[in-house]
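K.L.:
So that we are looking at the same thing, I have put the structure below in structure tokens.
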Amino acid sequence: MSTELQREFAVLTERVATSRDRQAFAQLFDYFAPRLKSYLRSLNMNDNAAEDLTQEVMVVLWQKAHLYDASKSSLSTWLFRVARNRRIDAVRRDKSAQLDPDEPLLQPSAVQPVDELIDADQRDERVQEAMASLPQEQLELVRQAFFLGLSHSQISERTGLPLGTVKSRIRLAFGRLRRALENDALVDTEF
Amino acid sequence: MTIKFDNLDALISGYVAGSLPLPLHVMMASQLELSGQHRSLVRALEAAAGNDLEELSPVAVSKRDETLAQIFKSDEDGSGQGETSTQCDVMPSALVGFTGFSVNDIPWKTKLPGFKEFDLGTVDGCEVSLFWIRPGRTVPMHKHEGKELSLILQGAFTDERGVFARGDISIADENVEHRPTADMSAPCIGFAVTDGPQRLSGSFKQRIGDILGAY
């Protein structure tokens, strides 16, 4: 991911927030909507449902652009969180439709309530370094866990790797990531 | 004091991906409000997921202009909600939102002297409850065939594994002789999630143990 691209997204979002700039929004839409749809499709949503939810996420961006803080996360990360939370909401709606739509957990503003200790650029760099330092075989498995939400046994089924191998590779990968992030966490881990 | 008995990595991955049953998602969101222990890792994985989102091959949206027009029109619905307060009381806001109660209005039912419970029933295949243990009281927790996850919200309890305090998640299973004793400092209040009955009888739902990668 290029930092330059992220800066551009931040500028466009700012324009949406401050002057309701439709052109700026359309640019963001053209970049993110097809990727959000792709993401939701990869989670086995059908085409219609994926488009509906994509629209919902983009509505959040249009209405709540002022809540986005470029110093805390990239716009991609912010939209990923909104999409994740809206999907949980949508699944619940399908099931029972009895949840309060104002439930704080499902509000986009509630996704980043905790204080952030380092700014987004720094974190992105560190994450990218840490991710890049992982052997490919570990990275692929970890991504299936945190991006696609697959359990160890599902990953084992999908990849044909023995369950024990999946577990040990993921454990190694998380160990590395935690160590790589330790410097951020100096204050954070003191509980 | 935080003692690491169990590996929460799988729970963290599932939280980031949004694939956990709702009660576990709420538990993890609450944990992140209470403690900084896993915060950087979660934020880092979310940032990585954001990068992954950029790298997916785009899939064209069918009615671009129409969709855009609808989004711009959404303004007029004026669905501006108030900001959620992020102040963290005994009950983290994620948990207040999920249960609909703050700590002072929980409709507790006394189960044993010094032990109260509020049963929230079965949600997403999980049994969900809040518990309250009087300071110094030892309670025999019901034995479960599956996993029992408890997030401590106030006070602390000790069992043969050690001490669990506010912000800690205890993972117990049938192998743990689970007789927690609450600290003297304050009543111990916690949020507990276990496999529901239908989950145990081998439904399509993932069992908590599978989610945690414990099998």
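We name chains A, B, ... following the order of the structure tokens; residues begin at 1 in each chain, and ligands are numbered from 1 as shown.
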Starting from chain B, keep only residues with some atom at most 6 Å from an atom of chain A, counting only C-alpha atoms, and report them as a PDB file with N, CA, C and O atoms, in the first residue's frame.
P.N.:
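Just written: out.pdb:
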ATOM      1  N   SER B  13      -7.870 -13.173  16.113  1.00  0.00           N
ATOM      2  CA  SER B  13      -8.046 -13.255  14.649  1.00  0.00           C
ATOM      3  C   SER B  13      -9.516 -13.203  14.278  1.00  0.00           C
ATOM      4  O   SER B  13      -9.913 -12.511  13.343  1.00  0.00           O
ATOM      5  N   GLY B  14     -10.309 -13.981  14.997  1.00  0.00           N
ATOM      6  CA  GLY B  14     -11.734 -14.042  14.697  1.00  0.00           C
ATOM      7  C   GLY B  14     -12.412 -12.705  14.922  1.00  0.00           C
ATOM      8  O   GLY B  14     -13.292 -12.302  14.171  1.00  0.00           O
ATOM      9  N   VAL B  16     -10.927  -9.721  14.642  1.00  0.00           N
ATOM     10  CA  VAL B  16     -10.518  -8.827  13.551  1.00  0.00           C
ATOM     11  C   VAL B  16     -11.293  -9.156  12.281  1.00  0.00           C
ATOM     12  O   VAL B  16     -11.766  -8.263  11.579  1.00  0.00           O
ATOM     13  N   ALA B  17     -11.457 -10.443  12.014  1.00  0.00           N
ATOM     14  CA  ALA B  17     -12.155 -10.856  10.792  1.00  0.00           C
ATOM     15  C   ALA B  17     -13.669 -10.648  10.904  1.00  0.00           C
ATOM     16  O   ALA B  17     -14.365 -10.594   9.906  1.00  0.00           O
ATOM     17  N   GLY B  18     -14.178 -10.551  12.119  1.00  0.00           N
ATOM     18  CA  GLY B  18     -15.621 -10.427  12.292  1.00  0.00           C
ATOM     19  C   GLY B  18     -16.338 -11.753  12.144  1.00  0.00           C
ATOM     20  O   GLY B  18     -17.506 -11.798  11.794  1.00  0.00           O
ATOM     21  N   SER B  19     -15.647 -12.844  12.423  1.00  0.00           N
ATOM     22  CA  SER B  19     -16.244 -14.161  12.190  1.00  0.00           C
ATOM     23  C   SER B  19     -16.693 -14.866  13.466  1.00  0.00           C
ATOM     24  O   SER B  19     -17.155 -15.992  13.414  1.00  0.00           O
ATOM     25  N   GLY B  36      -5.200  -2.825  27.720  1.00  0.00           N
ATOM     26  CA  GLY B  36      -4.367  -2.558  26.551  1.00  0.00           C
ATOM     27  C   GLY B  36      -3.595  -3.769  26.076  1.00  0.00           C
ATOM     28  O   GLY B  36      -2.856  -3.700  25.102  1.00  0.00           O
ATOM     29  N   GLN B  37      -3.808  -4.879  26.765  1.00  0.00           N
ATOM     30  CA  GLN B  37      -2.979  -6.047  26.549  1.00  0.00           C
ATOM     31  C   GLN B  37      -2.880  -6.496  25.087  1.00  0.00           C
ATOM     32  O   GLN B  37      -1.802  -6.831  24.609  1.00  0.00           O
ATOM     33  N   ALA B  44      -2.948  -3.663  14.717  1.00  0.00           N
ATOM     34  CA  ALA B  44      -2.014  -4.027  13.651  1.00  0.00           C
ATOM     35  C   ALA B  44      -2.671  -4.963  12.646  1.00  0.00           C
ATOM     36  O   ALA B  44      -2.507  -4.814  11.431  1.00  0.00           O
ATOM     37  N   ALA B  47      -5.021  -3.054  10.561  1.00  0.00           N
ATOM     38  CA  ALA B  47      -4.300  -2.288   9.541  1.00  0.00           C
ATOM     39  C   ALA B  47      -3.884  -3.207   8.392  1.00  0.00           C
ATOM     40  O   ALA B  47      -3.979  -2.847   7.211  1.00  0.00           O
ATOM     41  N   ALA B  49      -5.400  -5.927   7.528  1.00  0.00           N
ATOM     42  CA  ALA B  49      -6.616  -6.285   6.798  1.00  0.00           C
ATOM     43  C   ALA B  49      -7.009  -5.151   5.850  1.00  0.00           C
ATOM     44  O   ALA B  49      -7.490  -5.387   4.743  1.00  0.00           O
ATOM     45  N   GLY B  50      -6.783  -3.894   6.296  1.00  0.00           N
ATOM     46  CA  GLY B  50      -7.019  -2.747   5.424  1.00  0.00           C
ATOM     47  C   GLY B  50      -6.141  -2.822   4.180  1.00  0.00           C
ATOM     48  O   GLY B  50      -6.603  -2.583   3.064  1.00  0.00           O
ATOM     49  N   PRO B  58     -10.610  -5.833  -7.766  1.00  0.00           N
ATOM     50  CA  PRO B  58     -11.910  -5.186  -7.689  1.00  0.00           C
ATOM     51  C   PRO B  58     -12.970  -5.971  -8.451  1.00  0.00           C
ATOM     52  O   PRO B  58     -12.658  -6.578  -9.468  1.00  0.00           O
ATOM     53  N   VAL B  59     -14.184  -5.999  -7.936  1.00  0.00           N
ATOM     54  CA  VAL B  59     -15.307  -6.602  -8.652  1.00  0.00           C
ATOM     55  C   VAL B  59     -16.285  -5.462  -8.957  1.00  0.00           C
ATOM     56  O   VAL B  59     -16.754  -4.787  -8.033  1.00  0.00           O
ATOM     57  N   ALA B  60     -16.578  -5.246 -10.241  1.00  0.00           N
ATOM     58  CA  ALA B  60     -17.372  -4.091 -10.643  1.00  0.00           C
ATOM     59  C   ALA B  60     -18.723  -4.063  -9.933  1.00  0.00           C
ATOM     60  O   ALA B  60     -19.356  -5.095  -9.736  1.00  0.00           O
ATOM     61  N   VAL B  61     -19.126  -2.873  -9.518  1.00  0.00           N
ATOM     62  CA  VAL B  61     -20.435  -2.668  -8.908  1.00  0.00           C
ATOM     63  C   VAL B  61     -21.419  -2.416 -10.042  1.00  0.00           C
ATOM     64  O   VAL B  61     -21.144  -1.614 -10.939  1.00  0.00           O
ATOM     65  N   ILE B  71     -26.772   7.205  -2.504  1.00  0.00           N
ATOM     66  CA  ILE B  71     -25.938   7.561  -1.347  1.00  0.00           C
ATOM     67  C   ILE B  71     -26.051   9.057  -1.064  1.00  0.00           C
ATOM     68  O   ILE B  71     -26.232   9.470   0.082  1.00  0.00           O
ATOM     69  N   THR B  86     -17.608   6.962  25.073  1.00  0.00           N
ATOM     70  CA  THR B  86     -16.608   5.911  25.163  1.00  0.00           C
ATOM     71  C   THR B  86     -16.069   5.773  26.584  1.00  0.00           C
ATOM     72  O   THR B  86     -15.107   5.091  26.801  1.00  0.00           O
ATOM     73  N   ALA B  94     -19.399  -1.756  24.798  1.00  0.00           N
ATOM     74  CA  ALA B  94     -19.810  -2.848  23.907  1.00  0.00           C
ATOM     75  C   ALA B  94     -20.754  -3.805  24.633  1.00  0.00           C
ATOM     76  O   ALA B  94     -21.708  -4.334  24.057  1.00  0.00           O
ATOM     77  N   GLY B  97     -24.175  -2.144  25.322  1.00  0.00           N
ATOM     78  CA  GLY B  97     -24.959  -2.174  24.092  1.00  0.00           C
ATOM     79  C   GLY B  97     -25.547  -3.552  23.831  1.00  0.00           C
ATOM     80  O   GLY B  97     -26.698  -3.685  23.404  1.00  0.00           O
ATOM     81  N   ILE B 211     -13.165 -22.701  17.390  1.00  0.00           N
ATOM     82  CA  ILE B 211     -12.799 -21.314  17.108  1.00  0.00           C
ATOM     83  C   ILE B 211     -11.452 -20.983  17.754  1.00  0.00           C
ATOM     84  O   ILE B 211     -10.604 -20.329  17.177  1.00  0.00           O
ATOM     85  N   GLY B 213      -9.136 -22.980  18.305  1.00  0.00           N
ATOM     86  CA  GLY B 213      -8.071 -23.829  17.800  1.00  0.00           C
ATOM     87  C   GLY B 213      -7.602 -24.817  18.845  1.00  0.00           C
ATOM     88  O   GLY B 213      -6.454 -25.227  18.876  1.00  0.00           O
TER      89      GLY B 213
END
K.L.:
Do you know which residues are at most 12 Å from Thr99 of chain B counting only C-alpha atoms, after dropping those on the same chain fewer than 6 positions away, and could you put them as number ranges by chain?
P.N.:
A: 99-100, 103-105; B: 22-23, 26-27, 30, 91-93, 105-107, 118-121, 123, 128-130, 191
K.L.:
List every residue of segment 2-178 of chain B that DSSP, applied to the backbone of this structure, assigns to strand (DSSP E or B), and report them as a PDB file with C-alpha atoms, in the first residue's frame.
P.N.:
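Printed below is out_15.pdb as written:
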ATOM      1  CA  LYS B 109     -31.115 -13.833  40.202  1.00  0.00           C
ATOM      2  CA  THR B 110     -29.589 -15.369  43.296  1.00  0.00           C
ATOM      3  CA  LYS B 111     -28.403 -18.899  42.542  1.00  0.00           C
ATOM      4  CA  LEU B 112     -26.555 -19.661  45.751  1.00  0.00           C
ATOM      5  CA  PHE B 115     -23.609 -15.983  43.940  1.00  0.00           C
ATOM      6  CA  LYS B 116     -25.921 -14.224  41.501  1.00  0.00           C
ATOM      7  CA  GLU B 117     -26.438 -14.678  37.829  1.00  0.00           C
ATOM      8  CA  PHE B 118     -28.234 -12.971  34.972  1.00  0.00           C
ATOM      9  CA  ASP B 119     -28.974 -15.406  32.190  1.00  0.00           C
ATOM     10  CA  LEU B 120     -29.127 -13.805  28.739  1.00  0.00           C
ATOM     11  CA  GLY B 121     -30.094 -17.054  27.073  1.00  0.00           C
ATOM     12  CA  THR B 122     -28.713 -18.480  23.850  1.00  0.00           C
ATOM     13  CA  VAL B 123     -27.283 -16.107  21.264  1.00  0.00           C
ATOM     14  CA  CYS B 126     -23.708 -19.670  22.754  1.00  0.00           C
ATOM     15  CA  GLU B 127     -25.050 -19.591  26.305  1.00  0.00           C
ATOM     16  CA  VAL B 128     -24.535 -16.098  27.632  1.00  0.00           C
ATOM     17  CA  SER B 129     -24.665 -14.853  31.222  1.00  0.00           C
ATOM     18  CA  LEU B 130     -23.313 -12.331  33.683  1.00  0.00           C
ATOM     19  CA  PHE B 131     -22.229 -13.475  37.140  1.00  0.00           C
ATOM     20  CA  TRP B 132     -21.664 -11.794  40.509  1.00  0.00           C
ATOM     21  CA  ILE B 133     -19.672 -13.378  43.330  1.00  0.00           C
ATOM     22  CA  THR B 138     -15.985 -19.697  46.619  1.00  0.00           C
ATOM     23  CA  GLU B 148     -16.345 -21.562  29.149  1.00  0.00           C
ATOM     24  CA  LEU B 149     -14.931 -18.103  28.538  1.00  0.00           C
ATOM     25  CA  SER B 150     -15.263 -15.447  31.213  1.00  0.00           C
ATOM     26  CA  LEU B 151     -14.250 -11.828  30.981  1.00  0.00           C
ATOM     27  CA  ILE B 152     -13.711 -10.272  34.402  1.00  0.00           C
ATOM     28  CA  LEU B 153     -15.325  -6.837  34.657  1.00  0.00           C
ATOM     29  CA  GLN B 154     -14.810  -6.006  38.320  1.00  0.00           C
ATOM     30  CA  ALA B 156     -10.904 -10.656  40.675  1.00  0.00           C
ATOM     31  CA  PHE B 157     -11.119 -14.352  41.304  1.00  0.00           C
ATOM     32  CA  THR B 158      -8.554 -16.994  42.032  1.00  0.00           C
ATOM     33  CA  ASP B 159      -8.727 -20.645  41.138  1.00  0.00           C
ATOM     34  CA  GLY B 162      -4.076 -18.354  39.373  1.00  0.00           C
ATOM     35  CA  VAL B 163      -5.637 -14.888  39.549  1.00  0.00           C
ATOM     36  CA  PHE B 164      -8.001 -13.374  37.004  1.00  0.00           C
ATOM     37  CA  ALA B 165      -8.675  -9.653  37.311  1.00  0.00           C
ATOM     38  CA  ILE B 169     -10.330 -13.613  29.942  1.00  0.00           C
ATOM     39  CA  SER B 170     -10.416 -17.016  31.602  1.00  0.00           C
ATOM     40  CA  ILE B 171     -10.820 -20.035  29.390  1.00  0.00           C
ATOM     41  CA  ALA B 172     -11.951 -23.103  31.292  1.00  0.00           C
TER      42      ALA B 172
END
K.L.:
Enumerate the residues of segment 7-173 of chain A with a DSSP assignment of alpha helix (DSSP H), computed from the backbone, and present them as a ChimeraX atom specification.
P.N.:
/A:7-19,22-42,47-64,75-95,120-133,136-146,152-159,163-173
